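All remarks here apply to the structure that follows.
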Amino acid sequence: MQAVVFEEFGGPEVLTVRDVPEPHAGAGQVRVKVRAAGVNPMDYKIRRGYMQGMFDVTFPATPGVEVAGVVDEAGEGAAFAVGDEVTGWSASGAYAEYALVGNAARKPEGVSWEQAVSLPVAGETAQRVLDLLGVKSGETILIHGAAGAVGSIAVQLAVAAGLTVVGTASPRNHDFLRELGATPVEYGDGLVDRVRAAAPQGVDAAFDTAGKGGLPESIELTGGTERVITIADFSAGELGVQASAGGTGTPEEVRAGLDAQLAAAAAGKLTVRVAETFGLADAAKAQEISEGGHAQGKLVVLP
């Protein structure tokens, strides 16, 4: 089968497309014919070797932790059957024609492959951090990178929970954030004053999805580090800010959350914004854009 692989750590140039052996489903596993693979910041961090010790790499490696496709092999005791359409977390690398799937949920009708593959990581991350922040109805939250894949889901979950949301984004994304129910502000110098003007009632919590600065301002706005969390800023520890890098729920809890978000997307109650799609041959370009941090939504590889 064709797959994207890398055999050393480095920049996007280490990614190549080549023929590799197909994986096969073992007990409790399913294999899918991949219809879409999600591109996440974790992918480039793994490719550069930043995640060693947490996500160790054995070369040659195929990127991609997020996959959607049609089951074409089901091992003994698997939760899905051949022909089922599913989305979830890959157990073998998703930038490929076939992939093994770990935890997964059934893809509803009316949700595209691109939308379906956009939810496992972003949806779990958004809900996890909101839970860790302990936000509740009536509070105000500041979300950095609010127009991105994780940020836009977090905005919608927060609005649905009764929060007032202020979101940082470039001006080209401000109308999109208004559509989601957030008050947009531009990042950069003067951020504290702009946020205070947008939320004179004050800010109770802050969620940084961008990793482009903003933590000192978040601490100032919330009055401390207790309710500030980042998923992307490596300086967090120096500032005393919590960094959330991995899931805390059980597989069953995570799957239930994905089921609920897929159902919301199918009902038109959750907007999933796909920025751009790429073939396997352009996977390096997709990761380069992801690493740049300015994608307007989800980046997806279509094998």
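Ordering of the structure tokens sets the chain letters (A, B, ...), residue numbers begin anew at 1 in every chain, and ligands are numbered from 1 in the order given.
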
Identify, on the basis of only C-alpha atoms, every residue whose closest approach to Glu124 (chain A) does not exceed 7 Å; exclude the query and any residue fewer than 4 positions from it along the same chain; express the result as a PyMOL selection string. chain A and resi 120+128+254

With only C-alpha atoms as the counted atoms, please give the residues lying no more than 10 Å from Gly49 (chain A), apart from itself and same-chain residues fewer than 4 positions off, as a short mmCIF file (atom, residue, chain, number, x, y, z; two decimals) with C-alpha atoms, in the first residue's frame.
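Result saved to around-v8.cif:
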```
data_model
loop_
_atom_site.label_atom_id
_atom_site.label_comp_id
_atom_site.auth_asym_id
_atom_site.auth_seq_id
_atom_site.Cartn_x
_atom_site.Cartn_y
_atom_site.Cartn_z
CA GLU A 8 14.68 10.20 10.70
CA PHE A 9 13.62 13.19 12.73
CA GLY A 10 13.56 16.54 10.99
CA TYR A 44 5.00 17.61 13.33
CA LYS A 45 6.16 17.45 16.96
CA GLY A 53 9.52 9.73 25.89
CA PHE A 55 5.20 9.03 21.94
CA ASP A 56 8.29 7.05 21.03
CA VAL A 57 8.91 6.49 17.32
#
```

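Shell of Val150 (chain A) at 6 Å, with only C-alpha atoms counted and residues fewer than 2 places along the chain excluded, is Ala122, Ala126, Gly148, Ser152 and Ile153 of chain A.
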
How would the residues just chosen look if you wrote them out with N, CA and C atoms as a short mmCIF file (atom, residue, chain, number, x, y, z; two decimals), in the first residue's frame?
```cif
data_model
loop_
_atom_site.label_atom_id
_atom_site.label_comp_id
_atom_site.auth_asym_id
_atom_site.auth_seq_id
_atom_site.Cartn_x
_atom_site.Cartn_y
_atom_site.Cartn_z
N ALA A 122 -9.49 17.19 18.21
CA ALA A 122 -9.92 18.54 18.57
C ALA A 122 -11.05 18.51 19.59
N ALA A 126 -10.63 19.94 23.36
CA ALA A 126 -11.45 21.08 23.77
C ALA A 126 -12.25 20.76 25.02
N GLY A 148 -9.01 28.23 15.14
CA GLY A 148 -8.36 27.00 14.72
C GLY A 148 -9.22 25.77 14.97
N SER A 152 -12.02 26.50 17.65
CA SER A 152 -13.39 26.70 17.19
C SER A 152 -14.36 25.72 17.84
N ILE A 153 -13.90 24.49 18.12
CA ILE A 153 -14.74 23.54 18.84
C ILE A 153 -14.92 23.99 20.28
#
```

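Each of A:Pro251, A:Asn40, A:Gln2, A:Ala243 was checked against Ala105 (chain A) using only C-alpha atoms; the smallest atom-to-atom distance is that of A:Pro251.
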
List the spatial neighbours of Glu13 (chain A) as a tab-separated table (two decimals) with N, CA and C atoms, in the first residue's frame - criterion: any atom at most 10 Å away, only C-alpha atoms, same-chain residues fewer than 5 positions off excluded.
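The resulting out-v1.tsv:
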```tsv
chain	number	residue	atom	x	y	z
A	6	PHE	N	8.57	8.42	7.41
A	6	PHE	CA	9.82	9.13	7.67
A	6	PHE	C	10.74	8.19	8.44
A	284	ALA	N	3.63	16.62	3.31
A	284	ALA	CA	4.67	17.48	3.87
A	284	ALA	C	4.21	18.93	3.89
A	285	LYS	N	3.53	19.34	2.82
A	285	LYS	CA	3.00	20.71	2.78
A	285	LYS	C	1.96	20.92	3.86
A	288	GLU	N	3.71	21.37	7.09
A	288	GLU	CA	4.37	22.67	7.12
A	288	GLU	C	3.39	23.78	7.49
```

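Our summary of the geometry notes that CA of Gly297 (chain A) is positioned 5.0 Å from CA of Arg273 (chain A).
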
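The smallest atom-to-atom distance between Thr209 (chain A) and any of A:Pro41, A:Gln156, A:Gly246, A:Lys136, using only C-alpha atoms, is found for A:Pro41.
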
Excluding Ser218 (chain A) and residues on its chain fewer than 4 positions from it, collect all residues at most 12 Å away from it, counting only C-alpha atoms, and give them as a PDB file with all heavy atoms, in the first residue's frame.
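Full text of out-v3.pdb as output:
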```pdb
ATOM      1  N   ILE A 141     -14.788  33.222  29.392  1.00  0.00           N
ATOM      2  CA  ILE A 141     -13.543  32.542  29.068  1.00  0.00           C
ATOM      3  C   ILE A 141     -12.873  33.222  27.880  1.00  0.00           C
ATOM      4  O   ILE A 141     -13.549  33.655  26.935  1.00  0.00           O
ATOM      5  CB  ILE A 141     -13.771  31.041  28.771  1.00  0.00           C
ATOM      6  CG1 ILE A 141     -12.434  30.317  28.562  1.00  0.00           C
ATOM      7  CG2 ILE A 141     -14.689  30.836  27.569  1.00  0.00           C
ATOM      8  CD1 ILE A 141     -12.568  28.796  28.500  1.00  0.00           C
ATOM      9  N   LEU A 142     -11.553  33.326  27.950  1.00  0.00           N
ATOM     10  CA  LEU A 142     -10.738  33.824  26.851  1.00  0.00           C
ATOM     11  C   LEU A 142     -10.101  32.625  26.168  1.00  0.00           C
ATOM     12  O   LEU A 142      -9.437  31.810  26.831  1.00  0.00           O
ATOM     13  CB  LEU A 142      -9.654  34.771  27.381  1.00  0.00           C
ATOM     14  CG  LEU A 142      -8.577  35.226  26.401  1.00  0.00           C
ATOM     15  CD1 LEU A 142      -9.171  36.056  25.272  1.00  0.00           C
ATOM     16  CD2 LEU A 142      -7.490  36.018  27.133  1.00  0.00           C
ATOM     17  N   ILE A 143     -10.306  32.497  24.851  1.00  0.00           N
ATOM     18  CA  ILE A 143      -9.741  31.380  24.096  1.00  0.00           C
ATOM     19  C   ILE A 143      -8.780  31.932  23.050  1.00  0.00           C
ATOM     20  O   ILE A 143      -9.195  32.693  22.163  1.00  0.00           O
ATOM     21  CB  ILE A 143     -10.840  30.529  23.437  1.00  0.00           C
ATOM     22  CG1 ILE A 143     -11.749  29.927  24.508  1.00  0.00           C
ATOM     23  CG2 ILE A 143     -10.220  29.429  22.571  1.00  0.00           C
ATOM     24  CD1 ILE A 143     -12.907  29.103  23.956  1.00  0.00           C
ATOM     25  N   HIS A 144      -7.516  31.568  23.167  1.00  0.00           N
ATOM     26  CA  HIS A 144      -6.509  31.987  22.192  1.00  0.00           C
ATOM     27  C   HIS A 144      -6.488  30.996  21.025  1.00  0.00           C
ATOM     28  O   HIS A 144      -6.558  29.786  21.218  1.00  0.00           O
ATOM     29  CB  HIS A 144      -5.121  32.032  22.836  1.00  0.00           C
ATOM     30  CG  HIS A 144      -4.980  33.075  23.889  1.00  0.00           C
ATOM     31  ND1 HIS A 144      -4.995  34.414  23.605  1.00  0.00           N
ATOM     32  CD2 HIS A 144      -4.817  32.973  25.238  1.00  0.00           C
ATOM     33  CE1 HIS A 144      -4.835  35.103  24.726  1.00  0.00           C
ATOM     34  NE2 HIS A 144      -4.742  34.250  25.728  1.00  0.00           N
ATOM     35  N   VAL A 166     -14.647  35.207  24.666  1.00  0.00           N
ATOM     36  CA  VAL A 166     -13.825  36.151  23.926  1.00  0.00           C
ATOM     37  C   VAL A 166     -12.725  35.335  23.257  1.00  0.00           C
ATOM     38  O   VAL A 166     -12.057  34.535  23.919  1.00  0.00           O
ATOM     39  CB  VAL A 166     -13.204  37.223  24.840  1.00  0.00           C
ATOM     40  CG1 VAL A 166     -12.312  38.169  24.040  1.00  0.00           C
ATOM     41  CG2 VAL A 166     -14.300  37.992  25.566  1.00  0.00           C
ATOM     42  N   GLY A 167     -12.567  35.500  21.945  1.00  0.00           N
ATOM     43  CA  GLY A 167     -11.601  34.689  21.222  1.00  0.00           C
ATOM     44  C   GLY A 167     -10.592  35.515  20.456  1.00  0.00           C
ATOM     45  O   GLY A 167     -10.962  36.455  19.756  1.00  0.00           O
ATOM     46  N   THR A 168      -9.303  35.186  20.592  1.00  0.00           N
ATOM     47  CA  THR A 168      -8.280  35.868  19.811  1.00  0.00           C
ATOM     48  C   THR A 168      -8.138  35.200  18.450  1.00  0.00           C
ATOM     49  O   THR A 168      -8.180  33.975  18.333  1.00  0.00           O
ATOM     50  CB  THR A 168      -6.916  35.878  20.514  1.00  0.00           C
ATOM     51  OG1 THR A 168      -6.407  34.543  20.600  1.00  0.00           O
ATOM     52  CG2 THR A 168      -7.011  36.475  21.903  1.00  0.00           C
ATOM     53  N   TYR A 187      -5.037  39.461  18.346  1.00  0.00           N
ATOM     54  CA  TYR A 187      -3.919  39.228  19.254  1.00  0.00           C
ATOM     55  C   TYR A 187      -2.826  40.263  19.000  1.00  0.00           C
ATOM     56  O   TYR A 187      -2.912  41.063  18.083  1.00  0.00           O
ATOM     57  CB  TYR A 187      -3.370  37.809  19.099  1.00  0.00           C
ATOM     58  CG  TYR A 187      -3.192  37.336  17.674  1.00  0.00           C
ATOM     59  CD1 TYR A 187      -2.134  37.797  16.895  1.00  0.00           C
ATOM     60  CD2 TYR A 187      -4.074  36.419  17.104  1.00  0.00           C
ATOM     61  CE1 TYR A 187      -1.956  37.366  15.590  1.00  0.00           C
ATOM     62  CE2 TYR A 187      -3.910  35.988  15.797  1.00  0.00           C
ATOM     63  CZ  TYR A 187      -2.850  36.459  15.045  1.00  0.00           C
ATOM     64  OH  TYR A 187      -2.686  36.033  13.756  1.00  0.00           O
ATOM     65  N   LEU A 191      -3.334  43.607  23.792  1.00  0.00           N
ATOM     66  CA  LEU A 191      -4.354  42.565  23.944  1.00  0.00           C
ATOM     67  C   LEU A 191      -5.156  42.735  25.232  1.00  0.00           C
ATOM     68  O   LEU A 191      -6.386  42.608  25.227  1.00  0.00           O
ATOM     69  CB  LEU A 191      -3.700  41.185  23.916  1.00  0.00           C
ATOM     70  CG  LEU A 191      -4.632  39.988  24.170  1.00  0.00           C
ATOM     71  CD1 LEU A 191      -5.688  39.889  23.079  1.00  0.00           C
ATOM     72  CD2 LEU A 191      -3.836  38.693  24.277  1.00  0.00           C
ATOM     73  N   VAL A 192      -4.480  43.021  26.325  1.00  0.00           N
ATOM     74  CA  VAL A 192      -5.185  43.130  27.607  1.00  0.00           C
ATOM     75  C   VAL A 192      -6.264  44.197  27.540  1.00  0.00           C
ATOM     76  O   VAL A 192      -7.407  43.974  27.971  1.00  0.00           O
ATOM     77  CB  VAL A 192      -4.183  43.434  28.744  1.00  0.00           C
ATOM     78  CG1 VAL A 192      -4.929  43.807  30.031  1.00  0.00           C
ATOM     79  CG2 VAL A 192      -3.296  42.223  28.998  1.00  0.00           C
ATOM     80  N   ASP A 193      -5.937  45.342  26.983  1.00  0.00           N
ATOM     81  CA  ASP A 193      -6.925  46.418  26.895  1.00  0.00           C
ATOM     82  C   ASP A 193      -8.092  46.033  25.989  1.00  0.00           C
ATOM     83  O   ASP A 193      -9.253  46.346  26.292  1.00  0.00           O
ATOM     84  CB  ASP A 193      -6.267  47.694  26.366  1.00  0.00           C
ATOM     85  CG  ASP A 193      -5.312  48.320  27.368  1.00  0.00           C
ATOM     86  OD1 ASP A 193      -5.449  48.027  28.569  1.00  0.00           O
ATOM     87  OD2 ASP A 193      -4.419  49.082  26.945  1.00  0.00           O
ATOM     88  N   VAL A 195      -9.224  42.984  25.358  1.00  0.00           N
ATOM     89  CA  VAL A 195     -10.056  41.979  26.026  1.00  0.00           C
ATOM     90  C   VAL A 195     -10.904  42.632  27.113  1.00  0.00           C
ATOM     91  O   VAL A 195     -12.091  42.319  27.266  1.00  0.00           O
ATOM     92  CB  VAL A 195      -9.189  40.852  26.617  1.00  0.00           C
ATOM     93  CG1 VAL A 195     -10.038  39.907  27.471  1.00  0.00           C
ATOM     94  CG2 VAL A 195      -8.511  40.066  25.500  1.00  0.00           C
ATOM     95  N   ARG A 196     -10.322  43.559  27.860  1.00  0.00           N
ATOM     96  CA  ARG A 196     -11.094  44.230  28.914  1.00  0.00           C
ATOM     97  C   ARG A 196     -12.233  45.064  28.333  1.00  0.00           C
ATOM     98  O   ARG A 196     -13.305  45.154  28.929  1.00  0.00           O
ATOM     99  CB  ARG A 196     -10.158  45.095  29.754  1.00  0.00           C
ATOM    100  CG  ARG A 196      -9.314  44.262  30.724  1.00  0.00           C
ATOM    101  CD  ARG A 196      -8.346  45.098  31.527  1.00  0.00           C
ATOM    102  NE  ARG A 196      -7.717  44.273  32.557  1.00  0.00           N
ATOM    103  CZ  ARG A 196      -6.550  44.561  33.123  1.00  0.00           C
ATOM    104  NH1 ARG A 196      -5.884  45.658  32.763  1.00  0.00           N
ATOM    105  NH2 ARG A 196      -6.048  43.761  34.054  1.00  0.00           N
ATOM    106  N   GLY A 202     -14.937  41.140  33.263  1.00  0.00           N
ATOM    107  CA  GLY A 202     -13.765  40.382  33.675  1.00  0.00           C
ATOM    108  C   GLY A 202     -13.701  39.015  33.023  1.00  0.00           C
ATOM    109  O   GLY A 202     -14.672  38.543  32.417  1.00  0.00           O
ATOM    110  N   VAL A 203     -12.540  38.387  33.124  1.00  0.00           N
ATOM    111  CA  VAL A 203     -12.297  37.070  32.532  1.00  0.00           C
ATOM    112  C   VAL A 203     -12.039  36.065  33.648  1.00  0.00           C
ATOM    113  O   VAL A 203     -11.190  36.290  34.524  1.00  0.00           O
ATOM    114  CB  VAL A 203     -11.088  37.113  31.575  1.00  0.00           C
ATOM    115  CG1 VAL A 203     -10.741  35.710  31.075  1.00  0.00           C
ATOM    116  CG2 VAL A 203     -11.373  38.046  30.401  1.00  0.00           C
ATOM    117  N   ASP A 204     -12.781  34.981  33.641  1.00  0.00           N
ATOM    118  CA  ASP A 204     -12.660  33.973  34.698  1.00  0.00           C
ATOM    119  C   ASP A 204     -11.628  32.897  34.398  1.00  0.00           C
ATOM    120  O   ASP A 204     -11.021  32.339  35.310  1.00  0.00           O
ATOM    121  CB  ASP A 204     -14.020  33.299  34.930  1.00  0.00           C
ATOM    122  CG  ASP A 204     -15.082  34.291  35.366  1.00  0.00           C
ATOM    123  OD1 ASP A 204     -14.967  34.810  36.489  1.00  0.00           O
ATOM    124  OD2 ASP A 204     -16.005  34.567  34.563  1.00  0.00           O
ATOM    125  N   ALA A 205     -11.454  32.568  33.099  1.00  0.00           N
ATOM    126  CA  ALA A 205     -10.546  31.481  32.723  1.00  0.00           C
ATOM    127  C   ALA A 205     -10.004  31.752  31.330  1.00  0.00           C
ATOM    128  O   ALA A 205     -10.594  32.508  30.548  1.00  0.00           O
ATOM    129  CB  ALA A 205     -11.282  30.137  32.753  1.00  0.00           C
ATOM    130  N   ALA A 206      -8.854  31.125  31.035  1.00  0.00           N
ATOM    131  CA  ALA A 206      -8.241  31.295  29.719  1.00  0.00           C
ATOM    132  C   ALA A 206      -7.719  29.956  29.215  1.00  0.00           C
ATOM    133  O   ALA A 206      -7.136  29.176  29.970  1.00  0.00           O
ATOM    134  CB  ALA A 206      -7.105  32.314  29.781  1.00  0.00           C
ATOM    135  N   PHE A 207      -7.920  29.720  27.925  1.00  0.00           N
ATOM    136  CA  PHE A 207      -7.549  28.470  27.255  1.00  0.00           C
ATOM    137  C   PHE A 207      -6.717  28.850  26.034  1.00  0.00           C
ATOM    138  O   PHE A 207      -7.217  29.463  25.103  1.00  0.00           O
ATOM    139  CB  PHE A 207      -8.827  27.722  26.868  1.00  0.00           C
ATOM    140  CG  PHE A 207      -8.642  26.430  26.102  1.00  0.00           C
ATOM    141  CD1 PHE A 207      -7.404  25.882  25.843  1.00  0.00           C
ATOM    142  CD2 PHE A 207      -9.761  25.748  25.637  1.00  0.00           C
ATOM    143  CE1 PHE A 207      -7.263  24.693  25.143  1.00  0.00           C
ATOM    144  CE2 PHE A 207      -9.648  24.561  24.932  1.00  0.00           C
ATOM    145  CZ  PHE A 207      -8.388  24.033  24.686  1.00  0.00           C
ATOM    146  N   ASP A 208      -5.427  28.489  26.062  1.00  0.00           N
ATOM    147  CA  ASP A 208      -4.526  28.804  24.956  1.00  0.00           C
ATOM    148  C   ASP A 208      -4.364  27.595  24.054  1.00  0.00           C
ATOM    149  O   ASP A 208      -3.779  26.584  24.456  1.00  0.00           O
ATOM    150  CB  ASP A 208      -3.162  29.236  25.489  1.00  0.00           C
ATOM    151  CG  ASP A 208      -2.118  29.344  24.392  1.00  0.00           C
ATOM    152  OD1 ASP A 208      -2.457  29.830  23.296  1.00  0.00           O
ATOM    153  OD2 ASP A 208      -0.969  28.910  24.623  1.00  0.00           O
ATOM    154  N   GLY A 213       2.241  32.976  22.360  1.00  0.00           N
ATOM    155  CA  GLY A 213       2.245  34.046  23.348  1.00  0.00           C
ATOM    156  C   GLY A 213       0.846  34.212  23.897  1.00  0.00           C
ATOM    157  O   GLY A 213      -0.078  33.472  23.545  1.00  0.00           O
ATOM    158  N   GLY A 214       0.669  35.164  24.793  1.00  0.00           N
ATOM    159  CA  GLY A 214      -0.646  35.407  25.360  1.00  0.00           C
ATOM    160  C   GLY A 214      -0.823  34.862  26.760  1.00  0.00           C
ATOM    161  O   GLY A 214      -1.806  35.193  27.433  1.00  0.00           O
ATOM    162  N   THR A 222      -6.948  36.998  34.245  1.00  0.00           N
ATOM    163  CA  THR A 222      -7.678  36.104  35.153  1.00  0.00           C
ATOM    164  C   THR A 222      -7.262  36.286  36.601  1.00  0.00           C
ATOM    165  O   THR A 222      -7.909  35.742  37.507  1.00  0.00           O
ATOM    166  CB  THR A 222      -7.473  34.628  34.764  1.00  0.00           C
ATOM    167  OG1 THR A 222      -6.078  34.298  34.888  1.00  0.00           O
ATOM    168  CG2 THR A 222      -7.953  34.354  33.352  1.00  0.00           C
ATOM    169  N   GLY A 223      -6.178  37.030  36.834  1.00  0.00           N
ATOM    170  CA  GLY A 223      -5.743  37.283  38.197  1.00  0.00           C
ATOM    171  C   GLY A 223      -4.872  36.201  38.795  1.00  0.00           C
ATOM    172  O   GLY A 223      -4.705  36.139  40.027  1.00  0.00           O
ATOM    173  N   GLY A 224      -4.303  35.330  37.966  1.00  0.00           N
ATOM    174  CA  GLY A 224      -3.433  34.270  38.478  1.00  0.00           C
ATOM    175  C   GLY A 224      -3.273  33.162  37.459  1.00  0.00           C
ATOM    176  O   GLY A 224      -3.770  33.245  36.336  1.00  0.00           O
ATOM    177  N   THR A 225      -2.603  32.104  37.875  1.00  0.00           N
ATOM    178  CA  THR A 225      -2.346  30.984  36.964  1.00  0.00           C
ATOM    179  C   THR A 225      -3.319  29.825  37.159  1.00  0.00           C
ATOM    180  O   THR A 225      -3.317  28.882  36.373  1.00  0.00           O
ATOM    181  CB  THR A 225      -0.917  30.446  37.186  1.00  0.00           C
ATOM    182  OG1 THR A 225      -0.790  29.996  38.553  1.00  0.00           O
ATOM    183  CG2 THR A 225       0.118  31.516  36.908  1.00  0.00           C
ATOM    184  N   GLU A 226      -4.153  29.888  38.190  1.00  0.00           N
ATOM    185  CA  GLU A 226      -4.974  28.732  38.560  1.00  0.00           C
ATOM    186  C   GLU A 226      -5.942  28.311  37.464  1.00  0.00           C
ATOM    187  O   GLU A 226      -6.240  27.120  37.314  1.00  0.00           O
ATOM    188  CB  GLU A 226      -5.760  29.032  39.845  1.00  0.00           C
ATOM    189  CG  GLU A 226      -4.901  29.180  41.095  1.00  0.00           C
ATOM    190  CD  GLU A 226      -4.255  30.550  41.201  1.00  0.00           C
ATOM    191  OE1 GLU A 226      -4.572  31.426  40.341  1.00  0.00           O
ATOM    192  OE2 GLU A 226      -3.442  30.765  42.113  1.00  0.00           O
ATOM    193  N   ARG A 227      -6.454  29.279  36.697  1.00  0.00           N
ATOM    194  CA  ARG A 227      -7.449  28.938  35.685  1.00  0.00           C
ATOM    195  C   ARG A 227      -6.962  29.357  34.292  1.00  0.00           C
ATOM    196  O   ARG A 227      -7.725  29.882  33.481  1.00  0.00           O
ATOM    197  CB  ARG A 227      -8.800  29.571  36.028  1.00  0.00           C
ATOM    198  CG  ARG A 227      -9.355  29.083  37.362  1.00  0.00           C
ATOM    199  CD  ARG A 227     -10.776  29.552  37.563  1.00  0.00           C
ATOM    200  NE  ARG A 227     -11.716  28.788  36.770  1.00  0.00           N
ATOM    201  CZ  ARG A 227     -13.003  29.108  36.611  1.00  0.00           C
ATOM    202  NH1 ARG A 227     -13.473  30.216  37.163  1.00  0.00           N
ATOM    203  NH2 ARG A 227     -13.800  28.355  35.871  1.00  0.00           N
ATOM    204  N   VAL A 228      -5.703  29.088  34.044  1.00  0.00           N
ATOM    205  CA  VAL A 228      -5.105  29.279  32.713  1.00  0.00           C
ATOM    206  C   VAL A 228      -4.477  27.959  32.309  1.00  0.00           C
ATOM    207  O   VAL A 228      -3.690  27.380  33.054  1.00  0.00           O
ATOM    208  CB  VAL A 228      -4.027  30.385  32.723  1.00  0.00           C
ATOM    209  CG1 VAL A 228      -3.422  30.546  31.332  1.00  0.00           C
ATOM    210  CG2 VAL A 228      -4.605  31.708  33.208  1.00  0.00           C
ATOM    211  N   ILE A 229      -4.828  27.463  31.128  1.00  0.00           N
ATOM    212  CA  ILE A 229      -4.277  26.204  30.618  1.00  0.00           C
ATOM    213  C   ILE A 229      -3.887  26.392  29.159  1.00  0.00           C
ATOM    214  O   ILE A 229      -4.608  27.017  28.382  1.00  0.00           O
ATOM    215  CB  ILE A 229      -5.287  25.042  30.751  1.00  0.00           C
ATOM    216  CG1 ILE A 229      -5.555  24.722  32.226  1.00  0.00           C
ATOM    217  CG2 ILE A 229      -4.784  23.788  30.037  1.00  0.00           C
ATOM    218  CD1 ILE A 229      -6.567  23.602  32.449  1.00  0.00           C
ATOM    219  N   THR A 230      -2.737  25.827  28.784  1.00  0.00           N
ATOM    220  CA  THR A 230      -2.301  25.834  27.396  1.00  0.00           C
ATOM    221  C   THR A 230      -2.130  24.406  26.905  1.00  0.00           C
ATOM    222  O   THR A 230      -1.846  23.493  27.687  1.00  0.00           O
ATOM    223  CB  THR A 230      -0.964  26.588  27.226  1.00  0.00           C
ATOM    224  OG1 THR A 230      -0.594  26.586  25.835  1.00  0.00           O
ATOM    225  CG2 THR A 230       0.155  25.932  28.029  1.00  0.00           C
ATOM    226  N   ALA A 236       5.100  27.383  29.311  1.00  0.00           N
ATOM    227  CA  ALA A 236       4.080  27.332  30.361  1.00  0.00           C
ATOM    228  C   ALA A 236       4.680  27.076  31.738  1.00  0.00           C
ATOM    229  O   ALA A 236       4.312  27.728  32.713  1.00  0.00           O
ATOM    230  CB  ALA A 236       3.046  26.260  30.028  1.00  0.00           C
ATOM    231  N   LEU A 239       6.129  29.926  33.622  1.00  0.00           N
ATOM    232  CA  LEU A 239       5.143  30.892  34.101  1.00  0.00           C
ATOM    233  C   LEU A 239       4.225  30.311  35.175  1.00  0.00           C
ATOM    234  O   LEU A 239       3.375  31.012  35.709  1.00  0.00           O
ATOM    235  CB  LEU A 239       4.292  31.386  32.918  1.00  0.00           C
ATOM    236  CG  LEU A 239       5.046  32.142  31.823  1.00  0.00           C
ATOM    237  CD1 LEU A 239       4.149  32.349  30.609  1.00  0.00           C
ATOM    238  CD2 LEU A 239       5.541  33.486  32.347  1.00  0.00           C
ATOM    239  N   VAL A 241       2.057  27.919  34.557  1.00  0.00           N
ATOM    240  CA  VAL A 241       0.786  27.611  33.905  1.00  0.00           C
ATOM    241  C   VAL A 241       0.725  26.120  33.577  1.00  0.00           C
ATOM    242  O   VAL A 241       1.713  25.526  33.117  1.00  0.00           O
ATOM    243  CB  VAL A 241       0.622  28.446  32.620  1.00  0.00           C
ATOM    244  CG1 VAL A 241      -0.565  27.957  31.792  1.00  0.00           C
ATOM    245  CG2 VAL A 241       0.447  29.917  32.973  1.00  0.00           C
TER     246      VAL A 241
END
```

Write out as a PyMOL selection string each polymer residue whose atoms come within 7 Å of Asn103 (chain A), counting only C-alpha atoms; drop sequence neighbours fewer than 4 positions from it. chain A and resi 88-89+251+255

Mind writing the picked residues with N, CA and C atoms as a compact mmCIF listing (two decimals), in the first residue's frame?
```txt
# COMPACT_ATOMS: atom_id res chain seq x y z
N GLY A 88 -11.82 7.83 14.39
CA GLY A 88 -11.21 7.74 15.72
C GLY A 88 -9.70 7.87 15.65
N TRP A 89 -9.05 7.13 16.51
CA TRP A 89 -7.59 7.24 16.67
C TRP A 89 -6.89 6.08 16.00
N PRO A 251 -11.19 5.15 27.80
CA PRO A 251 -11.58 4.98 26.41
C PRO A 251 -13.09 5.08 26.20
N ARG A 255 -14.85 7.88 23.89
CA ARG A 255 -15.71 7.45 22.78
C ARG A 255 -17.10 8.06 22.92
```

Using only C-alpha atoms, the best pick from A:Ala149, A:Val165, A:Ala264, A:Ala275 as closest to Gln201 (chain A) would be A:Val165

Report as a ChimeraX atom specification: the residues of region 139-197 of chain A with a DSSP assignment of strand (DSSP E or B), based on the backbone of this structure. /A:140-144,164-168,183-185

Residue subset to file, keeping N, CA, C and O atoms, as a tab-separated table (two decimals), in the first residue's frame:
```tsv
chain	number	residue	atom	x	y	z
A	140	THR	N	-16.95	33.93	32.05
A	140	THR	CA	-16.36	34.42	30.81
A	140	THR	C	-15.01	33.73	30.60
A	140	THR	O	-14.19	33.67	31.52
A	141	ILE	N	-14.79	33.22	29.39
A	141	ILE	CA	-13.54	32.54	29.07
A	141	ILE	C	-12.87	33.22	27.88
A	141	ILE	O	-13.55	33.65	26.93
A	142	LEU	N	-11.55	33.33	27.95
A	142	LEU	CA	-10.74	33.82	26.85
A	142	LEU	C	-10.10	32.63	26.17
A	142	LEU	O	-9.44	31.81	26.83
A	143	ILE	N	-10.31	32.50	24.85
A	143	ILE	CA	-9.74	31.38	24.10
A	143	ILE	C	-8.78	31.93	23.05
A	143	ILE	O	-9.20	32.69	22.16
A	144	HIS	N	-7.52	31.57	23.17
A	144	HIS	CA	-6.51	31.99	22.19
A	144	HIS	C	-6.49	31.00	21.03
A	144	HIS	O	-6.56	29.79	21.22
A	164	THR	N	-19.76	33.22	28.33
A	164	THR	CA	-19.41	34.30	27.42
A	164	THR	C	-18.00	34.04	26.93
A	164	THR	O	-17.09	33.77	27.74
A	165	VAL	N	-17.79	34.07	25.61
A	165	VAL	CA	-16.50	33.71	25.03
A	165	VAL	C	-15.89	34.90	24.31
A	165	VAL	O	-16.52	35.53	23.47
A	166	VAL	N	-14.65	35.21	24.67
A	166	VAL	CA	-13.82	36.15	23.93
A	166	VAL	C	-12.73	35.34	23.26
A	166	VAL	O	-12.06	34.54	23.92
A	167	GLY	N	-12.57	35.50	21.94
A	167	GLY	CA	-11.60	34.69	21.22
A	167	GLY	C	-10.59	35.52	20.46
A	167	GLY	O	-10.96	36.46	19.76
A	168	THR	N	-9.30	35.19	20.59
A	168	THR	CA	-8.28	35.87	19.81
A	168	THR	C	-8.14	35.20	18.45
A	168	THR	O	-8.18	33.97	18.33
A	183	THR	N	-16.99	36.76	20.92
A	183	THR	CA	-16.57	38.13	20.64
A	183	THR	C	-15.10	38.09	20.24
A	183	THR	O	-14.25	37.70	21.06
A	184	PRO	N	-14.77	38.45	18.99
A	184	PRO	CA	-13.38	38.33	18.54
A	184	PRO	C	-12.54	39.54	18.93
A	184	PRO	O	-13.03	40.67	18.97
A	185	VAL	N	-11.28	39.28	19.22
A	185	VAL	CA	-10.30	40.35	19.43
A	185	VAL	C	-9.01	39.94	18.71
A	185	VAL	O	-8.72	38.75	18.57
```
